[in-house]
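Chemist: Below is the structure I would like to discuss, written out as structure tokens.
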Amino acid sequence: MKALINDFSLSAVVAGFIATVISYAGPLVIIFQAAESAGMSHAVLSSWVWAISIGSAVLGIGLSLRYRVPIIIAWSAPGSALLVALLPQISLNEAVGAYIVASLIIFLVGISGAFDRIISKLPAAIGAGMLAGILFSFGTGLFVSLQSKPLLVLAMFATYLLVKRVLPRYAVMAVLLVGCTIAFVTGDLRQEALVIGLAMPVWISPEFSLAACLNIALPLVMVALTGQFVPGMAVLRNAGYPTPASPIITSSAVGSLLLAPFACHGLNLAAITAAICTGREAHEDPSKRYVAGVVGGLAYLLLGLFGATLVSLFTAFPKELIAALAGLALFGAIGGALASAMAEPDDREAALITFLVTASGMSFLGLSAAFWGLMFGLVAHFLLGSRRAKQVPRAAAAGAQEAVR
């Protein structure tokens, strides 16, 4: 605790808080859609929000303190989107059974150490290209939001540039304050939507069926590993943190397993929000950025306990404010990822392909753009690498012949 107090900084607190806000802003809407499509009661929806929030809080705080790294845990957003279409056909009890099976499979992957071995062989440029592609839409979303709220977004953008010049560590905090102030003054912050209410967990007895396991459990495992843990580890590696993936995956799986009966569909390593906490904006000293992970966990804890308040909070904020805040908070992460992706000349084309496929947002065979970006990039890396490997001996032989002459 003493070390945490000594390492405390306002910029890290702001980074952790913003990461949590952005975690809820978009993915939570998907959960509401899934709950509505399944005809869930308000009590079960509240329990779902409680479970994913408390799980993210406890895991994020524990892992950040254990490894002194800003580790942000969140629920599976691709998994939430998957459930929108699947839950109406499968009972909630069977879905919970599938959540348990998925958590057990991910747990086995974590303790086996196989994921660490795969990640260690991933070329740095490919990982950076995938990360840049994931974050790309958040950067462009800043300027797209100009169409509907030009005053709000331009003021936030100008604040970012001005404060970045004189006090770079506090640029994002200034953006948040200016955005909220303008939204309040212009009436865009709907105060009447705010309510106070606690979330209560509801136990759901699991039922196991082959159909639920095939249709829910296996897709949840795939999107968690390829769409969340791979880019999440890429974020940490790109920031210079050598933290092993195995304990993060194992801990997340255990948390998901324990909370599954309360409607938690899966917890995993965050990528987009983690990029906010691993950058220089959180702290100049990388060893002190873990404070952002702890603060993010505390924010999850508070918002998870007040589930009804949480829902109303994001109803009150204009969506343009959230979009602009996310884009500006991720500027540094996007720039760093692009620089790393293009830094190695031999991998530049492969990294570019990875970036373009991931940024496209395409989905094929039920797998996300991040997965396909990684696959296309690796294929390009190996094919182009083998071509260069053949060209080098030829060039060396030609040089030797020239020397003999």
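Every chain in the structure tokens takes a letter, A first, then B, and so on in the order presented; its residues are numbered from 1, and the ligands are numbered from 1 following the presented order.
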Determine, counting only C-alpha atoms, which protein, DNA and RNA residues have an atom within 6 Å of an atom of region 128-136 of chain A; residues of the same chain fewer than 3 positions away are not included. Present the result as a list in words.
Modeler: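 Close residues of region 128-136 of chain A: Ala125, Gly139, Ile334, Ala337, Leu338, Ser340, Ala341, Ala351, Thr354, Phe355, Thr358 and Ala359 of chain A.
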Chemist: Create the file for the chosen residues now, containing N, CA and C atoms and written as a CSV table (one decimal), in the first residue's frame.
Modeler:
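Written out: result.csv:
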```csv
chain,number,residue,atom,x,y,z
A,125,ALA,N,6.4,-6.4,-35.4
A,125,ALA,CA,5.7,-5.5,-36.4
A,125,ALA,C,4.3,-5.9,-36.7
A,139,GLY,N,-9.6,6.6,-33.5
A,139,GLY,CA,-9.0,7.9,-33.9
A,139,GLY,C,-9.9,8.6,-34.9
A,334,ILE,N,-2.0,5.0,-30.8
A,334,ILE,CA,-2.1,4.8,-32.2
A,334,ILE,C,-0.8,5.2,-32.9
A,337,ALA,N,1.9,2.6,-32.1
A,337,ALA,CA,1.7,1.3,-32.8
A,337,ALA,C,2.1,1.4,-34.2
A,338,LEU,N,1.7,2.5,-34.9
A,338,LEU,CA,2.1,2.7,-36.3
A,338,LEU,C,3.6,2.8,-36.5
A,340,SER,N,5.9,1.5,-34.6
A,340,SER,CA,6.5,0.2,-34.4
A,340,SER,C,6.2,-0.7,-35.6
A,341,ALA,N,5.0,-0.6,-36.1
A,341,ALA,CA,4.7,-1.4,-37.3
A,341,ALA,C,5.5,-1.1,-38.5
A,351,ALA,N,3.2,-5.9,-42.1
A,351,ALA,CA,2.6,-5.1,-41.0
A,351,ALA,C,1.5,-4.2,-41.6
A,354,THR,N,-1.5,-6.3,-42.2
A,354,THR,CA,-2.2,-6.6,-40.9
A,354,THR,C,-3.0,-5.4,-40.5
A,355,PHE,N,-2.4,-4.2,-40.6
A,355,PHE,CA,-3.1,-3.0,-40.2
A,355,PHE,C,-4.4,-2.8,-41.1
A,358,THR,N,-7.2,-5.4,-40.3
A,358,THR,CA,-7.7,-5.2,-39.0
A,358,THR,C,-8.6,-4.0,-38.9
A,359,ALA,N,-8.1,-2.9,-39.6
A,359,ALA,CA,-8.8,-1.6,-39.6
A,359,ALA,C,-10.1,-1.7,-40.4
```
Chemist: Skipping near chain neighbours, those fewer than 3 positions away, what residues fall within 9 Å of Ala275 (chain A) using only C-alpha atoms, listed as a PyMOL selection string?
Modeler: chain A and resi 19+135+232+235-236+239+270-272+278-279+329-330+332-334
Chemist: Write out, as a tab-separated table, each residue of region 224-246 of chain A that has an atom at most 12 Å from region 372-385 of chain A, together with the closest pair of atoms and their distance in Å to one decimal, counting only C-alpha atoms, rows going by chain and rising number.
Modeler:
```
residue	atom	partner	partner_atom	distance
A:Thr226	CA	A:Leu374	CA	8.9
A:Gly227	CA	A:Trp372	CA	9.7
A:Val230	CA	A:Leu374	CA	9.3
A:Pro231	CA	A:Leu374	CA	9.5
A:Ala234	CA	A:Leu374	CA	11.2
```
Chemist: Which of these residues is nearest to Phe371 (chain A), using only C-alpha atoms: A:Pro88, A:Gly127, A:Gly60, A:Gly266?
Modeler: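 When distances to Phe371 (chain A) are compared using only C-alpha atoms, the smallest one comes from A:Gly127.
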Chemist: With distances taken over only C-alpha atoms, which residue among A:Asp347, A:Glu94, A:Asp7, A:Asp116 lies nearest Met233 (chain A)?
Modeler: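 Between A:Asp347, A:Glu94, A:Asp7, A:Asp116, the residue approaching Met233 (chain A) most closely is A:Asp116.
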Chemist: Contacts between region 45-57 of chain A and region 259-289 of chain A, please, where a residue of region 259-289 of chain A counts if it comes within 10 Å (with only C-alpha atoms); show its shortest atom pair and distance in Å to one decimal, rows by chain and ascending number, as a Markdown table.
Modeler:
```
| residue | atom | partner | partner_atom | distance |
| --- | --- | --- | --- | --- |
| A:Leu259 | CA | A:Ala51 | CA | 6.0 |
| A:Ala260 | CA | A:Ala51 | CA | 8.0 |
| A:Pro261 | CA | A:Ala51 | CA | 9.2 |
| A:Phe262 | CA | A:Ser47 | CA | 6.0 |
| A:Ala263 | CA | A:Trp48 | CA | 4.8 |
| A:Cys264 | CA | A:Ala51 | CA | 5.5 |
| A:His265 | CA | A:Ile52 | CA | 7.9 |
| A:Gly266 | CA | A:Ile52 | CA | 7.6 |
| A:Leu267 | CA | A:Ser56 | CA | 6.8 |
| A:Asn268 | CA | A:Ser56 | CA | 8.3 |
| A:Leu269 | CA | A:Ser56 | CA | 9.2 |
| A:Ala270 | CA | A:Ser56 | CA | 9.8 |
```
Chemist: Please dump the current selection as a PDB file, in the first residue's frame; keep C-alpha atoms.
Modeler:
```pdb
ATOM      1  CA  LEU A 259     -19.114 -15.482 -11.853  1.00  0.00           C
ATOM      2  CA  ALA A 260     -20.746 -17.454 -14.696  1.00  0.00           C
ATOM      3  CA  PRO A 261     -23.790 -18.428 -12.544  1.00  0.00           C
ATOM      4  CA  PHE A 262     -24.497 -14.699 -12.128  1.00  0.00           C
ATOM      5  CA  ALA A 263     -24.663 -14.238 -15.956  1.00  0.00           C
ATOM      6  CA  CYS A 264     -20.993 -13.300 -16.557  1.00  0.00           C
ATOM      7  CA  HIS A 265     -20.218 -14.440 -20.115  1.00  0.00           C
ATOM      8  CA  GLY A 266     -16.449 -14.045 -19.887  1.00  0.00           C
ATOM      9  CA  LEU A 267     -13.637 -11.804 -18.643  1.00  0.00           C
ATOM     10  CA  ASN A 268     -10.426 -11.183 -20.539  1.00  0.00           C
ATOM     11  CA  LEU A 269      -7.480  -8.878 -21.060  1.00  0.00           C
ATOM     12  CA  ALA A 270      -8.551  -5.554 -22.553  1.00  0.00           C
TER      13      ALA A 270
END
```
Chemist: With distances taken over only C-alpha atoms, which of A:Ile31, A:Ile90, A:Leu146, A:Ile72 is nearest to Glu320 (chain A)?
Modeler: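 Counting only C-alpha atoms, the residue closest to Glu320 (chain A) is A:Leu146.
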Chemist: Between A:Leu162, A:Leu303, A:Ala183, A:Leu92, which has the minimum distance to Leu198 (chain A) (counting only C-alpha atoms)?
Modeler: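 Ranked by minimum distance to Leu198 (chain A), first place goes to A:Leu303.
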Chemist: Would you compute the distance between CA of Leu59 (chain A) and CA of Ala102 (chain A)? Give it in Å to one decimal.
Modeler: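 Result for CA of Leu59 (chain A) versus CA of Ala102 (chain A): 18.1 Å, one decimal.
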Chemist: Which residue is closest to Leu167 (chain A)? Choose from A:Glu36, A:Glu281, A:Glu344, A:Glu207 and count only C-alpha atoms.
Modeler: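 Selected residue with least distance to Leu167 (chain A): A:Glu281.
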Chemist: List the spatial neighbours of region 110-114 of chain A as a VMD selection string - criterion: any atom at most 7 Å away, only C-alpha atoms, same-chain residues fewer than 4 positions off excluded.
Modeler: chain A and resid 106 118 246 to 247 249 to 250
Chemist: Now that the selection is made, can you save its residues with N, CA and C atoms as a compact mmCIF listing (two decimals), in the first residue's frame?
Modeler:
```txt
# COMPACT_ATOMS: atom_id res chain seq x y z
N ILE A 106 -10.54 -22.14 -21.57
CA ILE A 106 -9.56 -21.04 -21.52
C ILE A 106 -8.59 -21.25 -20.35
N ILE A 118 3.14 -19.15 -28.24
CA ILE A 118 2.66 -18.59 -29.52
C ILE A 118 2.97 -17.10 -29.60
N SER A 246 0.26 -16.35 -19.49
CA SER A 246 -0.37 -17.50 -18.83
C SER A 246 -1.11 -17.16 -17.54
N PRO A 247 -0.49 -16.44 -16.58
CA PRO A 247 -1.24 -16.14 -15.35
C PRO A 247 -2.42 -15.20 -15.56
N ILE A 249 -4.34 -15.11 -18.34
CA ILE A 249 -5.40 -15.93 -18.94
C ILE A 249 -6.02 -16.84 -17.88
N THR A 250 -5.16 -17.47 -17.07
CA THR A 250 -5.65 -18.40 -16.05
C THR A 250 -6.52 -17.68 -15.02
```
Chemist: Going by DSSP on the backbone, which bits of region 34-113 of chain A are helix (DSSP H, G or I)? Write them as a PyMOL selection string, please.
Modeler: chain A and resi 34-38+42-67+77-89+92-112
Chemist: Between A:Ala217, A:Leu210, A:Ala43, A:Leu10, which one has atoms that come closest to Leu86 (chain A), using only C-alpha atoms?
Modeler: A:Ala217
Chemist: Name all residues at most 7 Å from Pro206 (chain A) (count only C-alpha atoms; drop same-chain ones fewer than 2 positions away) and give them as a PyMOL selection string.
Modeler: chain A and resi 93-94+96-97+204+208+261
